[in-house]
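This is run32.tsv. It holds TSV, C-alpha atoms.
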```tsv
chain	number	residue	atom	x	y	z
A	233	MET	CA	-13.78	4.46	-20.69
A	234	ALA	CA	-12.07	7.08	-18.56
A	235	ASN	CA	-15.41	8.75	-17.83
A	236	ALA	CA	-16.97	5.44	-16.76
A	237	GLY	CA	-13.91	4.44	-14.73
A	238	ASN	CA	-13.96	7.75	-12.84
A	239	SER	CA	-17.76	8.13	-12.57
A	240	VAL	CA	-17.50	11.35	-14.59
A	241	LYS	CA	-20.87	12.44	-15.99
A	242	SER	CA	-20.29	13.81	-19.48
A	243	LEU	CA	-22.48	14.78	-22.42
A	244	MET	CA	-21.23	14.90	-25.99
A	245	ASP	CA	-23.18	16.57	-28.79
A	246	GLU	CA	-22.80	15.62	-32.45
A	247	ALA	CA	-24.94	18.47	-33.78
A	248	PRO	CA	-22.64	19.92	-36.51
A	249	GLN	CA	-23.60	18.43	-39.88
A	250	VAL	CA	-22.90	19.12	-43.57
A	251	ASN	CA	-26.01	19.13	-45.75
A	252	GLY	CA	-27.87	17.24	-43.05
A	253	LYS	CA	-25.23	14.56	-42.69
A	254	PHE	CA	-22.29	13.95	-40.39
A	255	PRO	CA	-18.86	14.33	-42.00
A	256	SER	CA	-17.65	11.00	-43.36
A	257	ASN	CA	-14.97	10.49	-40.67
A	258	GLN	CA	-17.53	11.10	-37.94
A	259	ALA	CA	-20.02	8.72	-39.56
A	260	ASN	CA	-17.33	6.05	-39.89
A	261	PHE	CA	-16.42	6.42	-36.24
A	262	ASN	CA	-20.06	6.16	-35.14
A	263	ASN	CA	-20.52	2.98	-37.15
A	264	PHE	CA	-17.37	1.47	-35.65
A	265	PHE	CA	-18.26	2.50	-32.11
A	266	ASN	CA	-21.80	1.10	-32.29
A	267	GLY	CA	-20.40	-2.35	-32.97
A	268	TYR	CA	-17.44	-2.02	-30.63
A	269	ILE	CA	-19.27	-0.81	-27.51
A	270	GLY	CA	-22.07	-3.37	-27.78
A	271	GLN	CA	-19.74	-6.24	-26.80
A	272	ILE	CA	-18.72	-4.55	-23.55
A	273	TRP	CA	-21.82	-2.45	-22.86
A	274	GLU	CA	-22.49	-3.87	-19.39
A	275	SER	CA	-19.00	-2.77	-18.27
A	276	VAL	CA	-19.64	0.93	-18.99
A	277	HIS	CA	-23.43	1.27	-18.59
A	278	GLY	CA	-25.04	1.12	-15.15
A	279	VAL	CA	-21.66	1.20	-13.41
A	280	GLU	CA	-19.56	3.50	-11.25
A	281	GLY	CA	-15.81	4.02	-11.16
A	282	GLY	CA	-14.02	1.45	-9.01
A	283	GLY	CA	-11.86	2.47	-6.07
A	284	TYR	CA	-13.80	5.57	-5.06
A	285	MET	CA	-16.89	6.08	-2.91
A	286	TYR	CA	-18.83	3.24	-4.53
A	287	GLY	CA	-16.36	0.51	-3.61
A	288	GLY	CA	-14.67	-1.76	-6.11
A	289	MET	CA	-11.07	-2.50	-6.96
A	290	PRO	CA	-8.99	0.59	-7.83
A	291	GLY	CA	-7.73	1.34	-11.31
A	292	GLY	CA	-4.47	2.94	-12.38
A	293	ASN	CA	-1.14	1.15	-12.67
A	294	PHE	CA	-1.66	-2.56	-13.42
A	295	GLY	CA	2.04	-3.44	-13.57
A	296	ASN	CA	4.33	-4.38	-16.48
A	297	GLY	CA	3.60	-1.01	-18.07
A	298	ALA	CA	-0.19	-1.61	-18.16
A	299	TYR	CA	-2.71	1.06	-17.13
A	300	GLY	CA	-6.47	1.33	-17.06
A	301	TYR	CA	-9.67	1.68	-15.08
A	302	THR	CA	-12.10	-0.45	-13.13
A	303	THR	CA	-15.87	-0.26	-12.97
A	304	VAL	CA	-18.30	-1.73	-10.46
A	305	THR	CA	-21.94	-2.60	-11.15
A	306	LYS	CA	-24.39	-0.27	-9.43
A	307	GLY	CA	-26.10	-2.10	-6.58
A	308	ASN	CA	-23.94	-5.21	-6.96
A	309	GLU	CA	-20.27	-4.80	-6.11
A	310	ASN	CA	-19.75	-8.54	-6.66
A	311	ILE	CA	-19.67	-7.84	-10.42
A	312	GLN	CA	-16.71	-5.70	-11.45
A	313	TYR	CA	-14.76	-5.00	-14.64
A	314	VAL	CA	-11.07	-4.39	-15.29
A	315	HIS	CA	-10.42	-2.17	-18.34
A	316	VAL	CA	-6.86	-2.46	-19.66
A	317	ILE	CA	-6.47	0.66	-21.81
A	318	THR	CA	-2.69	0.46	-22.15
A	319	LYS	CA	-1.57	-3.14	-22.56
A	320	PRO	CA	1.55	-4.43	-20.75
A	321	SER	CA	4.84	-3.50	-22.37
A	322	SER	CA	6.07	-6.96	-21.41
A	323	GLY	CA	4.50	-10.16	-20.19
A	324	SER	CA	0.96	-11.51	-20.46
A	325	SER	CA	-0.57	-10.46	-17.15
A	326	VAL	CA	-1.97	-7.52	-15.18
A	327	LYS	CA	-2.00	-7.06	-11.42
A	328	VAL	CA	-4.84	-5.23	-9.63
A	329	ARG	CA	-5.18	-4.39	-5.94
A	330	ASP	CA	-8.16	-6.54	-4.92
A	331	GLY	CA	-9.62	-4.15	-2.31
A	332	GLY	CA	-10.44	-7.08	-0.04
A	333	TYR	CA	-12.83	-8.69	-2.53
A	334	ILE	CA	-12.76	-12.50	-2.78
A	335	VAL	CA	-12.52	-13.35	-6.48
A	336	SER	CA	-14.36	-16.44	-7.70
A	337	GLY	CA	-13.99	-16.08	-11.48
A	338	VAL	CA	-12.60	-13.98	-14.34
A	339	THR	CA	-13.81	-14.00	-17.95
A	340	ASN	CA	-12.96	-12.04	-21.08
A	341	GLU	CA	-15.87	-9.66	-21.67
A	342	ARG	CA	-15.54	-10.18	-25.43
A	343	GLY	CA	-16.63	-13.77	-25.91
A	344	GLY	CA	-16.93	-14.82	-22.28
A	345	ALA	CA	-13.95	-17.18	-22.23
A	346	ALA	CA	-12.59	-18.06	-18.78
A	347	VAL	CA	-9.28	-16.40	-17.92
A	348	ASN	CA	-6.57	-17.66	-15.56
A	349	PHE	CA	-6.21	-15.73	-12.32
A	350	SER	CA	-4.61	-15.95	-8.90
A	351	GLN	CA	-5.09	-13.96	-5.70
A	352	ALA	CA	-2.49	-13.40	-3.00
A	353	GLY	CA	-1.18	-10.71	-0.69
A	354	GLY	CA	-3.92	-8.20	-1.51
A	355	PHE	CA	-3.62	-8.48	-5.31
A	356	LEU	CA	-5.56	-10.10	-8.14
A	357	THR	CA	-3.32	-11.27	-10.99
A	358	ILE	CA	-4.99	-11.94	-14.35
A	359	SER	CA	-2.62	-13.97	-16.50
A	360	GLY	CA	-2.09	-15.88	-19.74
A	361	ILE	CA	-3.43	-13.17	-22.04
A	362	SER	CA	-2.21	-13.73	-25.60
A	363	SER	CA	-4.30	-11.09	-27.36
A	364	TRP	CA	-4.95	-7.51	-26.26
A	365	ASP	CA	-7.63	-5.25	-27.71
A	366	PRO	CA	-6.01	-2.10	-29.17
A	367	TYR	CA	-8.40	0.17	-27.24
A	368	ASP	CA	-9.78	-1.62	-24.18
A	369	THR	CA	-9.33	-5.24	-23.08
A	370	VAL	CA	-12.13	-5.86	-20.58
A	371	PHE	CA	-12.23	-8.58	-17.94
A	372	LYS	CA	-15.39	-9.36	-16.00
A	373	VAL	CA	-14.50	-10.23	-12.41
A	374	THR	CA	-17.02	-12.07	-10.24
A	375	MET	CA	-16.70	-11.85	-6.46
A	376	SER	CA	-18.05	-14.10	-3.71
A	377	GLY	CA	-17.90	-11.39	-1.04
A	378	ARG	CA	-15.45	-9.08	0.67
A	379	VAL	CA	-13.23	-9.37	3.73
A	380	ALA	CA	-14.97	-7.36	6.41
A	381	LYS	CA	-13.43	-4.17	7.69
A	382	THR	CA	-12.29	-4.34	11.31
A	383	SER	CA	-15.30	-3.28	13.38
A	384	GLY	CA	-15.51	-1.12	16.48
A	385	VAL	CA	-12.64	1.17	15.46
A	386	THR	CA	-12.52	4.76	16.74
A	387	ALA	CA	-10.35	7.58	15.40
A	388	SER	CA	-8.64	10.68	16.77
A	389	ALA	CA	-6.39	13.26	15.09
A	390	THR	CA	-3.82	15.84	16.12
A	391	ALA	CA	-5.62	18.47	14.04
A	392	SER	CA	-9.09	18.82	12.48
A	393	ALA	CA	-11.09	21.56	10.82
A	394	SER	CA	-14.33	22.63	12.48
A	395	GLY	CA	-17.16	20.22	11.60
A	396	HIS	CA	-14.81	17.69	10.01
A	397	GLY	CA	-13.42	15.69	12.91
A	398	ALA	CA	-11.63	12.36	12.92
A	399	ALA	CA	-14.81	10.43	13.76
A	400	ASN	CA	-15.86	10.95	10.12
A	401	LEU	CA	-13.02	8.66	9.05
A	402	VAL	CA	-14.68	5.56	10.50
A	403	ASP	CA	-18.40	6.37	10.21
A	404	GLY	CA	-18.92	4.32	7.02
A	405	SER	CA	-20.13	7.34	5.03
A	406	TYR	CA	-18.20	8.89	2.15
A	407	LEU	CA	-20.34	12.03	2.43
A	408	ASN	CA	-18.58	12.95	5.68
A	409	TYR	CA	-14.86	13.56	5.77
A	410	TRP	CA	-11.95	14.55	7.98
A	411	ASP	CA	-10.10	17.78	7.19
A	412	SER	CA	-6.53	18.32	8.44
A	413	ASN	CA	-7.15	22.08	8.78
A	414	LYS	CA	-4.13	22.75	6.54
A	415	THR	CA	-1.83	21.13	9.11
A	416	ALA	CA	1.20	19.01	8.24
A	417	PRO	CA	2.71	16.96	9.72
A	418	VAL	CA	-0.52	15.56	11.15
A	419	SER	CA	-1.47	12.20	12.68
A	420	VAL	CA	-4.58	10.04	12.81
A	421	THR	CA	-4.73	7.27	15.44
A	422	LEU	CA	-7.09	4.31	15.06
A	423	ASP	CA	-8.06	2.44	18.24
A	424	GLN	CA	-9.24	-1.15	17.66
A	425	GLY	CA	-10.29	-1.58	21.30
A	426	SER	CA	-7.93	-4.53	21.77
A	427	ALA	CA	-4.81	-5.95	20.16
A	428	ARG	CA	-5.69	-7.35	16.75
A	429	HIS	CA	-3.75	-8.35	13.67
A	430	VAL	CA	-3.74	-5.75	10.88
A	431	ALA	CA	-2.96	-6.84	7.33
A	432	TYR	CA	-3.36	-3.41	5.74
A	433	LEU	CA	-4.77	0.10	6.06
A	434	ALA	CA	-6.93	1.46	3.23
A	435	VAL	CA	-7.07	5.21	2.60
A	436	ASN	CA	-9.82	6.90	0.59
A	437	GLN	CA	-8.70	10.49	0.09
A	438	ARG	CA	-11.39	13.00	-0.85
A	439	GLU	CA	-11.52	13.72	-4.59
A	440	ASP	CA	-11.33	17.50	-4.29
A	441	THR	CA	-8.13	17.23	-6.31
A	442	VAL	CA	-8.57	15.75	-9.77
A	443	THR	CA	-5.13	16.69	-11.08
A	444	GLN	CA	-1.96	14.77	-10.37
A	445	THR	CA	0.51	17.67	-10.44
A	446	ALA	CA	2.59	18.14	-7.30
A	447	THR	CA	1.71	21.83	-7.01
A	448	SER	CA	-2.06	21.39	-6.94
A	449	SER	CA	-2.63	18.00	-5.33
A	450	ALA	CA	-3.36	17.80	-1.61
A	451	ARG	CA	-2.86	14.04	-1.46
A	452	ILE	CA	-0.59	12.28	1.03
A	453	ASN	CA	3.08	12.17	0.07
A	454	GLY	CA	5.38	10.97	2.88
A	455	TYR	CA	3.91	8.88	5.71
A	456	LYS	CA	4.75	6.60	8.62
A	457	ILE	CA	2.76	3.79	10.23
A	458	LEU	CA	3.26	3.41	13.98
A	459	THR	CA	1.78	0.86	16.38
A	460	SER	CA	1.19	0.82	20.12
A	461	GLY	CA	-0.27	-1.42	22.76
A	462	ASP	CA	-1.12	1.32	25.25
A	463	GLY	CA	-1.74	4.40	23.07
A	464	SER	CA	1.21	6.17	24.66
A	465	THR	CA	4.43	4.54	23.40
A	466	PHE	CA	4.49	4.06	19.62
A	467	SER	CA	6.98	2.26	17.37
A	468	THR	CA	7.43	2.87	13.65
A	469	VAL	CA	6.69	-0.21	11.52
A	470	ARG	CA	6.38	1.34	8.04
A	471	THR	CA	7.64	4.43	6.23
A	472	GLY	CA	7.06	5.41	2.63
A	473	THR	CA	5.26	7.60	0.13
A	474	LEU	CA	1.85	7.25	-1.49
A	475	PRO	CA	1.47	7.89	-5.23
A	476	ASN	CA	-0.04	11.17	-6.32
A	477	ALA	CA	-2.97	9.37	-7.90
A	478	ARG	CA	-6.73	9.16	-7.57
A	479	GLY	CA	-8.57	6.27	-5.95
A	480	ALA	CA	-8.12	4.22	-2.80
A	481	GLN	CA	-4.55	3.60	-1.65
A	482	TYR	CA	-3.39	0.66	0.45
A	483	ILE	CA	-0.60	0.43	3.02
A	484	ASP	CA	0.45	-3.11	3.98
A	485	ILE	CA	1.21	-3.34	7.70
A	486	GLY	CA	1.39	-6.95	8.90
A	487	ALA	CA	1.48	-6.22	12.65
A	488	THR	CA	-0.56	-6.97	15.76
A	489	ALA	CA	-1.44	-4.00	17.97
A	490	ARG	CA	-4.36	-2.15	19.50
A	491	PHE	CA	-3.45	1.30	18.18
A	492	ILE	CA	-2.50	2.02	14.56
A	493	ARG	CA	-1.27	5.53	13.77
A	494	LEU	CA	-1.02	7.07	10.29
A	495	GLU	CA	1.44	9.96	10.47
A	496	VAL	CA	1.26	12.21	7.42
A	497	ASP	CA	4.65	13.90	7.17
A	498	SER	CA	3.96	15.75	3.92
A	499	VAL	CA	1.38	16.29	1.20
A	500	TYR	CA	2.06	17.07	-2.44
A	501	ALA	CA	0.62	20.60	-2.39
A	502	SER	CA	1.91	23.36	-0.19
A	503	SER	CA	-1.63	24.25	0.98
A	504	HIS	CA	-1.79	21.10	3.17
A	505	GLN	CA	-5.56	20.95	2.59
A	506	LEU	CA	-5.67	17.19	3.18
A	507	ARG	CA	-9.12	15.61	3.33
A	508	ILE	CA	-9.89	11.89	3.78
A	509	ASP	CA	-13.33	10.32	3.35
A	510	GLU	CA	-12.67	6.97	5.00
A	511	LEU	CA	-9.94	4.88	6.63
A	512	TRP	CA	-10.37	1.21	7.30
A	513	LEU	CA	-8.31	-1.65	8.67
A	514	ALA	CA	-8.42	-5.25	7.47
A	515	SER	CA	-7.29	-8.16	9.59
A	516	ALA	CA	-6.53	-10.43	6.62
A	517	TYR	CA	-6.13	-10.54	2.87
A	518	ALA	CA	-8.85	-11.89	0.60
A	519	GLY	CA	-8.52	-15.38	-0.84
A	520	SER	CA	-5.90	-17.88	0.20
A	521	GLY	CA	-2.96	-15.57	-0.35
A	522	THR	CA	-0.34	-14.65	2.21
A	523	PRO	CA	0.91	-11.13	3.02
A	524	PRO	CA	3.71	-9.74	0.86
A	525	PRO	CA	7.22	-10.50	2.18
A	526	ASN	CA	8.37	-8.07	4.86
A	527	THR	CA	11.87	-7.46	3.47
A	528	LYS	CA	12.62	-4.41	5.63
A	529	VAL	CA	12.40	-4.09	9.42
A	530	GLU	CA	13.16	-1.03	11.53
A	531	ALA	CA	15.37	-1.71	14.54
A	532	GLU	CA	12.83	0.04	16.78
A	533	ALA	CA	9.83	-2.00	15.49
A	534	SER	CA	7.51	-3.19	18.25
A	535	GLY	CA	7.77	-6.81	17.08
A	536	ASN	CA	11.50	-7.01	17.84
A	537	THR	CA	13.01	-8.48	21.02
A	538	PHE	CA	14.93	-6.07	23.28
A	539	SER	CA	17.20	-7.30	26.07
A	540	GLY	CA	19.06	-5.49	28.84
A	541	ALA	CA	20.25	-1.98	27.97
A	542	ALA	CA	19.24	-2.15	24.29
A	543	ALA	CA	16.84	0.76	23.85
A	544	VAL	CA	15.18	2.94	21.23
A	545	SER	CA	16.66	6.41	20.72
A	546	SER	CA	15.52	9.24	18.46
A	547	CYS	CA	17.66	9.96	15.39
A	548	ALA	CA	16.50	12.57	12.90
A	549	ALA	CA	18.61	11.22	10.02
A	550	CYS	CA	17.69	7.58	10.64
A	551	SER	CA	15.01	5.60	8.83
A	552	GLY	CA	11.76	6.02	10.76
A	553	GLY	CA	13.39	8.75	12.90
A	554	ALA	CA	14.81	6.30	15.44
A	555	LYS	CA	17.50	3.69	16.11
A	556	VAL	CA	18.48	1.20	18.82
A	557	ARG	CA	21.51	1.90	21.06
A	558	PHE	CA	23.50	-0.08	23.66
A	559	ILE	CA	23.61	-3.41	21.86
A	560	GLY	CA	26.14	-5.68	23.60
A	561	SER	CA	26.64	-9.23	24.80
A	562	THR	CA	24.66	-12.23	23.64
A	563	SER	CA	23.48	-13.03	27.17
A	564	SER	CA	22.25	-9.47	27.76
A	565	ASN	CA	21.95	-6.14	25.91
A	566	PHE	CA	21.13	-7.80	22.60
A	567	LEU	CA	18.48	-7.05	19.98
A	568	VAL	CA	16.62	-9.60	17.88
A	569	VAL	CA	15.10	-8.30	14.66
A	570	ASN	CA	12.01	-10.43	14.02
A	571	ASN	CA	9.61	-10.92	11.11
A	572	LEU	CA	12.13	-10.32	8.33
A	573	SER	CA	10.38	-12.44	5.72
A	574	VAL	CA	11.09	-13.80	2.25
A	575	ALA	CA	8.96	-15.85	-0.11
A	576	THR	CA	11.48	-18.63	-0.77
A	577	ALA	CA	14.46	-20.07	1.09
A	578	GLY	CA	17.91	-19.17	-0.20
A	579	THR	CA	20.93	-16.89	0.03
A	580	TYR	CA	20.16	-13.20	0.38
A	581	THR	CA	22.07	-9.94	0.75
A	582	LEU	CA	21.37	-8.42	4.16
A	583	THR	CA	21.83	-4.62	4.19
A	584	ILE	CA	22.53	-3.20	7.66
A	585	GLN	CA	22.11	0.52	8.24
A	586	TYR	CA	23.86	1.67	11.40
A	587	GLY	CA	25.50	4.57	13.21
A	588	VAL	CA	29.02	4.56	14.66
A	589	ASN	CA	32.02	6.85	15.18
A	590	GLY	CA	35.04	4.78	14.17
A	591	THR	CA	34.87	1.00	13.79
A	592	ARG	CA	32.77	-1.46	15.77
A	593	THR	CA	31.51	-4.97	15.08
A	594	PHE	CA	28.06	-6.55	14.93
A	595	ASP	CA	27.90	-10.26	15.69
A	596	LEU	CA	24.90	-11.81	13.95
A	597	SER	CA	23.04	-15.06	14.46
A	598	VAL	CA	20.41	-15.88	11.84
A	599	ASN	CA	17.60	-18.06	13.19
A	600	GLY	CA	19.86	-19.26	16.02
A	601	GLY	CA	22.66	-20.30	13.67
A	602	ALA	CA	26.42	-19.74	13.72
A	603	THR	CA	27.83	-16.31	14.55
A	604	ILE	CA	28.72	-13.98	11.68
A	605	ALA	CA	31.02	-11.02	12.46
A	606	VAL	CA	30.33	-7.81	10.49
A	607	ASN	CA	32.72	-4.85	10.82
A	608	CYS	CA	31.08	-1.42	10.58
A	609	THR	CA	32.90	1.88	10.05
A	610	GLY	CA	31.40	5.37	10.26
A	611	THR	CA	31.99	8.98	11.23
A	612	ASP	CA	29.02	9.75	13.51
A	613	PHE	CA	26.51	7.79	15.59
A	614	ASN	CA	23.62	9.87	14.18
A	615	THR	CA	24.71	9.75	10.52
A	616	PRO	CA	23.63	6.36	9.14
A	617	ALA	CA	26.06	4.27	7.11
A	618	LYS	CA	25.48	0.92	5.39
A	619	THR	CA	27.19	-2.42	4.98
A	620	THR	CA	26.10	-5.75	3.51
A	621	VAL	CA	26.60	-9.41	4.33
A	622	SER	CA	25.41	-12.63	2.70
A	623	VAL	CA	22.95	-14.67	4.81
A	624	THR	CA	20.90	-17.83	4.38
A	625	LEU	CA	17.20	-17.35	5.09
A	626	LYS	CA	14.27	-19.73	5.32
A	627	ALA	CA	10.94	-19.18	3.59
A	628	GLY	CA	8.64	-17.05	5.74
A	629	ASN	CA	9.68	-15.11	8.84
A	630	ASN	CA	13.31	-14.96	9.98
A	631	SER	CA	14.93	-13.65	13.17
A	632	ILE	CA	18.41	-12.10	13.36
A	633	LYS	CA	20.12	-11.52	16.70
A	634	PHE	CA	22.49	-8.52	16.89
A	635	PHE	CA	25.10	-8.55	19.66
A	636	ASN	CA	28.84	-8.25	20.46
A	637	ASN	CA	30.38	-10.44	23.17
A	638	THR	CA	33.57	-8.39	23.65
A	639	ALA	CA	32.52	-4.74	23.23
A	640	TRP	CA	29.62	-2.45	22.43
A	641	ALA	CA	28.19	-2.84	18.94
A	642	PRO	CA	27.17	0.03	16.61
A	643	ASP	CA	23.73	1.64	16.88
A	644	LEU	CA	21.27	-0.23	14.62
A	645	ASP	CA	18.91	1.74	12.36
A	646	VAL	CA	17.20	-0.64	9.91
A	647	VAL	CA	17.84	-3.93	8.10
A	648	SER	CA	16.61	-5.16	4.72
A	649	VAL	CA	17.15	-8.13	2.40
A	650	SER	CA	17.36	-8.43	-1.36
```
Is it possible to express this structure as structure tokens?
Amino acid sequence: MANAGNSVKSLMDEAPQVNGKFPSNQANFNNFFNGYIGQIWESVHGVEGGGYMYGGMPGGNFGNGAYGYTTVTKGNENIQYVHVITKPSSGSSVKVRDGGYIVSGVTNERGGAAVNFSQAGGFLTISGISSWDPYDTVFKVTMSGRVAKTSGVTASATASASGHGAANLVDGSYLNYWDSNKTAPVSVTLDQGSARHVAYLAVNQREDTVTQTATSSARINGYKILTSGDGSTFSTVRTGTLPNARGAQYIDIGATARFIRLEVDSVYASSHQLRIDELWLASAYAGSGTPPPNTKVEAEASGNTFSGAAAVSSCAACSGGAKVRFIGSTSSNFLVVNNLSVATAGTYTLTIQYGVNGTRTFDLSVNGGATIAVNCTGTDFNTPAKTTVSVTLKAGNNSIKFFNNTAWAPDLDVVSVS
């Protein structure tokens, strides 16, 4: 199953025999396997591994402790298979990144019974499973198409090896690739030609590295996503790390901009020999789902509202490498953090990360509501500290105004809700 799920071509020879016969344990295994594999033959024969250069949903971590592989039918990516090798340690469902495919049906490959599923926020959830095969539970997933990649995108990079320039990232061919020329940090900027909404960025790293050890893998570790309207001034909208794992990786963005920049701050191996086959942007998620809640927003994010003197300033120790200074009165010099989203309305804990020397106060107004005063104490404007406050949020996007009507407020780094 691993060979099929990774498109590994392998031959196995059963030549050794005793008196012209296979040993009894080998014969018993062959008899078992002949019956076992027949029920799921189409999922391992005439397929390629999903999530690599042949398309398909990626395998790996399926949530709840479940792991496995995916396969995609050669010549027909609308027929795919999810192989759950390790069943969930809890629950009755698995969750697979859908890769932009629009799912129309899921059946159990053994018996063909229909299986419950839902699709939202870039994921396919297969649920209600009461019985798991001890070796490989296989689901046949039928697609009705795929959300198109954003067209007309061009790419540039701050470093490239000779013959492996950034244009290879958006040429639609997995045979050509971009090479970072052993440079890190390194950035790739995608130009959409005009401001468009971006749901997510997909990253197909070249499979030169088959191991997942930190010392030998040249995959992306730490990254930032930055956006810009003019290609000159960029704001950080996402920071994080990618798993040291094979297959396509996805970074949810949820922003509208012309330029999208992937800044690779580190790779797992010290050689920095990063190679990427393809990058692509998607304007929307497949199915009727909505983007995942945006529960963390950088103060310097381009979607926020700046007034008066409130301005972005670099800060090496801050989240995203920047903060917002000179936040003051509600009529001027204020900052509104927008697009802080939650799935359901209710009471949440708002965590505020800030910088201040001494004690200053943030006055908050959530969605235009009553003022909430939050005292903040710290030792240095460039050494972030944290405080929390309880807030009531509505389902979907929320806006929080930061100000202080009587004095200057602290510098704001990042806010998040839980």
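Straight-line separation from CA of Arg428 (chain A) to CA of Ser467 (chain A): 15.9 Å.
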Can you pull out every residue within 8 Å of Asn348 (chain A), counting only C-alpha atoms, but drop anything in the same chain fewer than 5 positions away, and send it as an MDAnalysis selection string? chainID A and resid 338 358:360
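In this model, the gap between CA of Ala247 (chain A) and CA of Tyr367 (chain A) comes to 25.5 Å.
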List the spatial neighbours of region 479-494 of chain A as number ranges by chain - criterion: any atom at most 9 Å away, all atoms listed in the file, same-chain residues fewer than 5 positions off excluded. A: 238, 282-285, 289-292, 329, 331, 354, 418-439, 455-463, 466, 469-470, 474, 515-516, 523-524, 526, 534-535
I'd like a table as a Markdown table: residues in region 422-540 of chain A with an atom no more than 8 Å from region 568-591 of chain A, each row giving the shortest atom pair and its distance in Å to one decimal, all atoms listed in the file counted, sorted by chain and rising residue number.
```
| residue | atom | partner | partner_atom | distance |
| --- | --- | --- | --- | --- |
| A:Pro525 | CA | A:Val574 | CA | 5.1 |
| A:Asn526 | CA | A:Ser573 | CA | 4.9 |
| A:Thr527 | CA | A:Leu572 | CA | 5.6 |
| A:Lys528 | CA | A:Leu572 | CA | 6.5 |
| A:Val529 | CA | A:Leu572 | CA | 6.3 |
| A:Ala531 | CA | A:Val569 | CA | 6.6 |
| A:Gly535 | CA | A:Asn570 | CA | 6.4 |
| A:Asn536 | CA | A:Val569 | CA | 5.0 |
| A:Thr537 | CA | A:Val568 | CA | 4.9 |
| A:Phe538 | CA | A:Val568 | CA | 6.7 |
```
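The nearest approach to Gly553 (chain A) among the residues A:Asp645, A:Asn476, A:Asp595, A:Ala501, with all atoms listed in the file taken into account, belongs to A:Asp645.
Shortest separation to Gly287 (chain A) among A:Asn308, A:Ser322, A:Thr374, A:Ser383 occurs at residue A:Asn308, atoms counted being all atoms listed in the file.
Closest approach to Leu407 (chain A) among A:Ala533, A:Cys550, A:Ile317, A:Ile508: A:Ile508, based on all atoms listed in the file.
Compared by their closest atoms to Gln271 (chain A), and using all atoms listed in the file, the residues A:Ala352, A:Leu401, A:Val370, A:Val499 rank with A:Val370 nearest.
Closest approach to Gly472 (chain A) from the set A:Thr415, A:Ser388, A:Ser648, A:Ser551 is made by A:Ser551, with distances taken over all atoms listed in the file.
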Name all residues at most 12 Å from Gly288 (chain A) (count all atoms listed in the file; drop same-chain ones fewer than 6 positions away) and give them as a PDB file with C-alpha atoms, keeping the file's coordinate frame.
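This is the output file out20.pdb:
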```pdb
ATOM      1  CA  GLY A 237     -13.910   4.440 -14.730  1.00  0.00           C
ATOM      2  CA  ASN A 238     -13.960   7.750 -12.840  1.00  0.00           C
ATOM      3  CA  VAL A 279     -21.660   1.200 -13.410  1.00  0.00           C
ATOM      4  CA  GLU A 280     -19.560   3.500 -11.250  1.00  0.00           C
ATOM      5  CA  GLY A 281     -15.810   4.020 -11.160  1.00  0.00           C
ATOM      6  CA  GLY A 282     -14.020   1.450  -9.010  1.00  0.00           C
ATOM      7  CA  TYR A 301      -9.670   1.680 -15.080  1.00  0.00           C
ATOM      8  CA  THR A 302     -12.100  -0.450 -13.130  1.00  0.00           C
ATOM      9  CA  THR A 303     -15.870  -0.260 -12.970  1.00  0.00           C
ATOM     10  CA  VAL A 304     -18.300  -1.730 -10.460  1.00  0.00           C
ATOM     11  CA  THR A 305     -21.940  -2.600 -11.150  1.00  0.00           C
ATOM     12  CA  LYS A 306     -24.390  -0.270  -9.430  1.00  0.00           C
ATOM     13  CA  GLY A 307     -26.100  -2.100  -6.580  1.00  0.00           C
ATOM     14  CA  ASN A 308     -23.940  -5.210  -6.960  1.00  0.00           C
ATOM     15  CA  GLU A 309     -20.270  -4.800  -6.110  1.00  0.00           C
ATOM     16  CA  ASN A 310     -19.750  -8.540  -6.660  1.00  0.00           C
ATOM     17  CA  ILE A 311     -19.670  -7.840 -10.420  1.00  0.00           C
ATOM     18  CA  GLN A 312     -16.710  -5.700 -11.450  1.00  0.00           C
ATOM     19  CA  TYR A 313     -14.760  -5.000 -14.640  1.00  0.00           C
ATOM     20  CA  VAL A 314     -11.070  -4.390 -15.290  1.00  0.00           C
ATOM     21  CA  VAL A 328      -4.840  -5.230  -9.630  1.00  0.00           C
ATOM     22  CA  ARG A 329      -5.180  -4.390  -5.940  1.00  0.00           C
ATOM     23  CA  ASP A 330      -8.160  -6.540  -4.920  1.00  0.00           C
ATOM     24  CA  GLY A 331      -9.620  -4.150  -2.310  1.00  0.00           C
ATOM     25  CA  GLY A 332     -10.440  -7.080  -0.040  1.00  0.00           C
ATOM     26  CA  TYR A 333     -12.830  -8.690  -2.530  1.00  0.00           C
ATOM     27  CA  ILE A 334     -12.760 -12.500  -2.780  1.00  0.00           C
ATOM     28  CA  VAL A 335     -12.520 -13.350  -6.480  1.00  0.00           C
ATOM     29  CA  VAL A 373     -14.500 -10.230 -12.410  1.00  0.00           C
ATOM     30  CA  THR A 374     -17.020 -12.070 -10.240  1.00  0.00           C
ATOM     31  CA  MET A 375     -16.700 -11.850  -6.460  1.00  0.00           C
ATOM     32  CA  GLY A 377     -17.900 -11.390  -1.040  1.00  0.00           C
ATOM     33  CA  ARG A 378     -15.450  -9.080   0.670  1.00  0.00           C
ATOM     34  CA  ASN A 436      -9.820   6.900   0.590  1.00  0.00           C
ATOM     35  CA  GLY A 479      -8.570   6.270  -5.950  1.00  0.00           C
ATOM     36  CA  ALA A 480      -8.120   4.220  -2.800  1.00  0.00           C
TER      37      ALA A 480
END
```
Could you give me, as JSON, numbers by chain, the residues within 8 Å of Asn413 (chain A), counting all atoms listed in the file and dropping anything in the same chain fewer than 5 positions from it? {"A": [391, 392, 393, 504, 505, 506]}
